[in-house]
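**Q** Take this structure, written in structure tokens, and hold onto it; I'll ask about it next.
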Amino acid sequence: MITIRNLTKSFGPNRVLDDLSMVVPEGQTTVVIGRSGCGKSVLLKHIMGILKPDSGEILIDGRDITKLKASELNQERKRFGMLFQGGALFDSLTVGENVGFSLQEHTNLSEGEIKEIVREKLELVGLRDVEDLRPAELSGGMKKRVALARAMAMDPEIVLYDEPTTGVDPIMADIINDLILSLQERLKVTSLIVTHDMQSAYKIADRIAMLYKGQIVEIGSREEIRNTANPIVRQFIAGASQGPINEN
Amino acid sequence: MLEILGRRTISGLAYLGEISILSVQTLGLSLKPPWKGKNLLAEMVNVGLLSLPVVIITGAFTGMVLAVQSYYVLHKMTLETGIGGLVDLSLARELGPVLTALMLAGRVGAAMTAQLGTMKVTEQIDALQSLAVNPVQYLVVPRFLACLILLPILTVYTVFIGMLGGYIASVKMMGINATFYLSIAVGKVAPHDILNGLIKALFFGMIIGIIACYKGLTAKGGAEGVGRATTGSVVTSCILILVADFFITLALKIVNI
């Protein structure tokens, strides 16, 4: 379970997260929705320990990761998998080396065993015989799937997804949604997904939270969010230009 | 006005602080296993082997130009047979390490910054962290060590090729007697002159490695930001090499090297 308490982060004069608190229950998929640039990716990077908050706590199973030393944080990170918005595949490595990267770095498995796990993980995301390709040779959708295979390589307990369906065509977006659902079904991981794609959110979420002006303004099940009376959430899910959400 | 001055001072100090922290982390991790042998080897090929043509051209033409320029001055005083000593000593103590470092700052430093900068703006550095890998250990240490180890070695190449260039220009082009040339050149360069050049090269290697990696890791703002970081890396490294050269020369003079 991930518990976030009073998380605050500013970049210069811009307060991106403002006393944000939320709980991500174990074994469930929680989707955080919000406008582009509202701090969704910043929230994920705090949970991963890539960014340090100005104040607040992030408890992973009761342990505050914001207070950990670098070596302890790295130990904690091995429980996580993260899918980055653009895939963030290492372009100097092949697809196979990308997927097997953490196994190579953190385990004593033989080359053969790593190759076998890499093949399995790639099959899990619907890819075959791509191990020797370079990331530059892949389409946007394939990159996302390879990045997903990489995030799954160490069988993580918690998976963070940063805009998994952004930048791919609607059919590929649905394929990625199905993949997330099937991985969730098979591996029973705790998932936190940030997106502004409502179709995706309704399909994959157990719970949906709305991030606005650095705070979670609403959280609930798919149905609760669909029928909410909160005007901010209603404007966002309707995609209306007029309403309480404005450019400022 | 005071506010701008204050802000610039603070950002300058923060910049120095960040470079110092990266240097300390890199030095600490350089001494600590696990060493990334494969990464180090790849960087050594890039920094060393692939820089050889640049170093050979730099050394050869610097030696030749130095010989030709010296000839015009020394010829008037009928001291042209002393060219060998002048060329060899200048190359070993000063021009060899400085020119090698400046060429490497352009060839290797720029490439390192561009590569790390691209990784930074495409979130590959964040991805490394998310995979529980320390980017300093994985990316900076091999690059730093490759620069540190190979700059002195490349400097030896530059100096040797430069001496050869000086000999060819003096003897084959300016018509100086080979025996006279060699009798004065050989023995002019003492072991402490070589050591002087190598110590400088070692420091210049550290400067290139740290500045290139720092600029890459702090790049932001897409392709434009990577371009800015790359330019900044080359300019900062070149300036620091020239400034450090003066202070290292002074320090080595104090300890008689």
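Chain labels run A, B, ... following the order of the structure tokens; each chain numbers its residues from 1, and ligands are numbered from 1 in the order shown.
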Hey, what's within 12 Å of Gly209 in chain B if we count only C-alpha atoms and toss same-chain stuff fewer than 5 positions away? As a ChimeraX atom specification, please?
**A** /B:19,22-23,26-27,43,47,101,104-106,108-113,116,136,139-151,202-204,214-216,233-234,236-237,241
**Q** Give me the residues within 12 Å of Leu240 in chain B as a list in words, counting only C-alpha atoms and dropping any in the same chain fewer than 5 places off.
**A**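 Near Leu240 in chain B, the qualifying residues are Val98, Ala101, Leu102, Ala105, Phe203, Phe204, Gly205, Met206, Ile207, Ile208, Ile210, Ile211, Gly232, Ser233, Val234, Val235, Asp245, Phe246, Phe247 and Ile248 of chain B.
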**Q** With C-alpha atoms retained, could you export that selection as an mmCIF file, in the first residue's frame?
**A**
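Saved result, out_22.cif, follows:
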data_model
loop_
_atom_site.group_PDB
_atom_site.id
_atom_site.type_symbol
_atom_site.label_atom_id
_atom_site.label_comp_id
_atom_site.auth_asym_id
_atom_site.auth_seq_id
_atom_site.Cartn_x
_atom_site.Cartn_y
_atom_site.Cartn_z
ATOM 1 C CA VAL B 98 47.256 21.493 -23.265
ATOM 2 C CA ALA B 101 43.203 18.316 -23.650
ATOM 3 C CA LEU B 102 41.672 21.073 -25.812
ATOM 4 C CA ALA B 105 37.348 18.586 -24.814
ATOM 5 C CA PHE B 203 44.177 17.016 -14.138
ATOM 6 C CA PHE B 204 42.918 17.978 -17.597
ATOM 7 C CA GLY B 205 41.415 14.487 -17.984
ATOM 8 C CA MET B 206 39.533 14.966 -14.715
ATOM 9 C CA ILE B 207 38.262 18.373 -15.837
ATOM 10 C CA ILE B 208 37.005 17.057 -19.203
ATOM 11 C CA ILE B 210 33.548 15.850 -14.827
ATOM 12 C CA ILE B 211 32.458 18.921 -16.818
ATOM 13 C CA GLY B 232 28.712 24.982 -22.462
ATOM 14 C CA SER B 233 30.671 21.797 -21.846
ATOM 15 C CA VAL B 234 33.319 22.554 -24.485
ATOM 16 C CA VAL B 235 33.673 26.231 -23.527
ATOM 17 C CA ASP B 245 47.347 24.969 -16.626
ATOM 18 C CA PHE B 246 48.629 28.233 -15.152
ATOM 19 C CA PHE B 247 48.038 27.188 -11.542
ATOM 20 C CA ILE B 248 49.412 23.650 -12.030
#
**Q** For Ser36 in chain A, find every residue with an atom within 10 Å (counting only C-alpha atoms), except residues of its own chain fewer than 5 positions away, and show them as JSON, numbers by chain.
**A** {"A": [41, 195, 196]}
**Q** Would you put the residues from that selection into a file with N, CA and C atoms, as an mmCIF file, in the first residue's frame?
**A**
data_model
loop_
_atom_site.group_PDB
_atom_site.id
_atom_site.type_symbol
_atom_site.label_atom_id
_atom_site.label_comp_id
_atom_site.auth_asym_id
_atom_site.auth_seq_id
_atom_site.Cartn_x
_atom_site.Cartn_y
_atom_site.Cartn_z
ATOM 1 N N SER A 41 3.085 13.491 -13.413
ATOM 2 C CA SER A 41 4.385 12.806 -13.545
ATOM 3 C C SER A 41 5.272 13.119 -12.355
ATOM 4 N N THR A 195 -2.859 9.602 -16.137
ATOM 5 C CA THR A 195 -3.296 9.767 -17.534
ATOM 6 C C THR A 195 -4.286 10.923 -17.640
ATOM 7 N N HIS A 196 -4.468 11.420 -18.876
ATOM 8 C CA HIS A 196 -5.596 12.332 -19.071
ATOM 9 C C HIS A 196 -6.571 11.721 -20.077
#
**Q** Using DSSP secondary structure from the backbone, list all helix (DSSP H, G or I) positions within range 25-157 of chain A, as a PyMOL selection string.
**A** chain A and resi 40-47+65-67+70-77+95-99+101-106+111-124+135-137+140-152
**Q** Distance cut-off 7 Å, counting only C-alpha atoms - which residues of chain A neighbour chain B? Return them as a ChimeraX atom specification.
**A** /A:48,50,74,77-78,82,88-90,102
**Q** Check range 48-79 of chain A with DSSP on the backbone and list each residue it calls strand (DSSP E or B), as a list in words.
**A**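 The strand (DSSP E or B) residues within range 48-79 of chain A come out as Ser55, Gly56, Glu57, Ile58, Leu59, Ile60, Arg63 and Asp64 of chain A.
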**Q** Show which residues sit within 9 Å of Leu99 in chain B, as a CSV table (one decimal) with C-alpha atoms, in the first residue's frame. Count only C-alpha atoms, and ignore same-chain residues fewer than 3 positions away.
**A**
chain,number,residue,atom,x,y,z
B,55,VAL,CA,45.9,13.5,-31.6
B,58,THR,CA,47.5,17.8,-33.7
B,59,GLY,CA,50.9,16.6,-32.6
B,62,THR,CA,52.1,21.6,-33.8
B,94,GLU,CA,53.2,22.7,-22.2
B,95,LEU,CA,51.8,22.2,-25.7
B,96,GLY,CA,51.5,18.4,-25.6
B,102,LEU,CA,41.7,21.1,-25.8
B,103,MET,CA,41.2,18.7,-28.7
B,104,LEU,CA,39.7,16.0,-26.4
B,155,THR,CA,49.5,13.3,-24.4
B,158,THR,CA,51.0,14.0,-29.1
**Q** Excluding range 139-143 of chain A and its own-chain neighbours fewer than 3 positions away, which residues fall within 8 Å of it when counting only C-alpha atoms? Please give them as a list of chain:residue names.
**A** A:Gly86, A:Gly87, A:Leu89, A:Pro135, A:Val146, A:Ala147, A:Gly167, A:Val168, A:Met172
**Q** Excluding range 166-174 of chain B and residues on its chain fewer than 5 positions from it, collect all residues at most 10 Å away from it, counting only C-alpha atoms, and give them as a ChimeraX atom specification.
**A** /B:59-68,70-72,80-81,83-88,91,160-161,179-182,185
**Q** Any chance you can output those residues with C-alpha atoms as an mmCIF file, in the first residue's frame?
**A**
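Result file is part-v3.cif:
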data_model
loop_
_atom_site.group_PDB
_atom_site.id
_atom_site.type_symbol
_atom_site.label_atom_id
_atom_site.label_comp_id
_atom_site.auth_asym_id
_atom_site.auth_seq_id
_atom_site.Cartn_x
_atom_site.Cartn_y
_atom_site.Cartn_z
ATOM 1 C CA GLY B 59 50.902 16.624 -32.585
ATOM 2 C CA ALA B 60 52.468 16.469 -36.032
ATOM 3 C CA PHE B 61 51.396 19.916 -37.190
ATOM 4 C CA THR B 62 52.071 21.588 -33.847
ATOM 5 C CA GLY B 63 55.614 20.185 -33.880
ATOM 6 C CA MET B 64 56.161 21.285 -37.467
ATOM 7 C CA VAL B 65 54.726 24.802 -36.990
ATOM 8 C CA LEU B 66 56.750 25.253 -33.817
ATOM 9 C CA ALA B 67 59.910 24.219 -35.651
ATOM 10 C CA VAL B 68 59.275 26.520 -38.617
ATOM 11 C CA SER B 70 61.386 28.944 -34.148
ATOM 12 C CA TYR B 71 63.656 28.643 -37.179
ATOM 13 C CA TYR B 72 62.876 32.207 -38.319
ATOM 14 C CA GLU B 80 68.811 27.242 -35.389
ATOM 15 C CA THR B 81 70.431 23.973 -34.296
ATOM 16 C CA ILE B 83 65.285 24.157 -32.466
ATOM 17 C CA GLY B 84 65.096 20.496 -31.425
ATOM 18 C CA GLY B 85 65.518 21.290 -27.749
ATOM 19 C CA LEU B 86 63.013 24.144 -27.916
ATOM 20 C CA VAL B 87 60.368 22.124 -29.761
ATOM 21 C CA ASP B 88 60.735 19.013 -27.604
ATOM 22 C CA LEU B 91 55.789 19.966 -26.351
ATOM 23 C CA PHE B 160 56.148 11.963 -29.548
ATOM 24 C CA ILE B 161 54.463 12.732 -32.880
ATOM 25 C CA THR B 179 73.286 15.213 -36.257
ATOM 26 C CA PHE B 180 73.425 18.754 -34.810
ATOM 27 C CA TYR B 181 69.634 18.760 -34.359
ATOM 28 C CA LEU B 182 69.596 15.450 -32.519
ATOM 29 C CA ALA B 185 67.373 17.764 -28.865
#
**Q** Name all residues at most 9 Å from range 211-224 of chain A (count only C-alpha atoms; drop same-chain ones fewer than 2 positions away) and give them as an MDAnalysis selection string.
**A** chainID A and resid 8:9 15:22 32:35 38:40 201:203 205:209 226:228 230 232:233 245
**Q** Between CA of Lys121 in chain A and CA of Arg150 in chain A, what distance in Å does the model show, to one decimal?
**A** 7.7 Å
**Q** In Å, rounded to a single decimal, give me how far CA of Ala229 in chain A is from CA of Glu163 in chain A.
**A**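 CA of Glu163 in chain A sits 25.8 Å away from CA of Ala229 in chain A.
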**Q** Choose the residue, out of A:Leu51, A:Leu148, A:Ile225, A:Ile60, that has the smallest atom-to-atom separation from Glu26 in chain A; count only C-alpha atoms.
**A** A:Ile60
**Q** To one decimal place in Å, what is the distance between CA of Gln199 in chain A and CA of Gln184 in chain A?
**A**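 So the two atoms, CA of Gln199 in chain A and CA of Gln184 in chain A, lie 17.8 Å apart.
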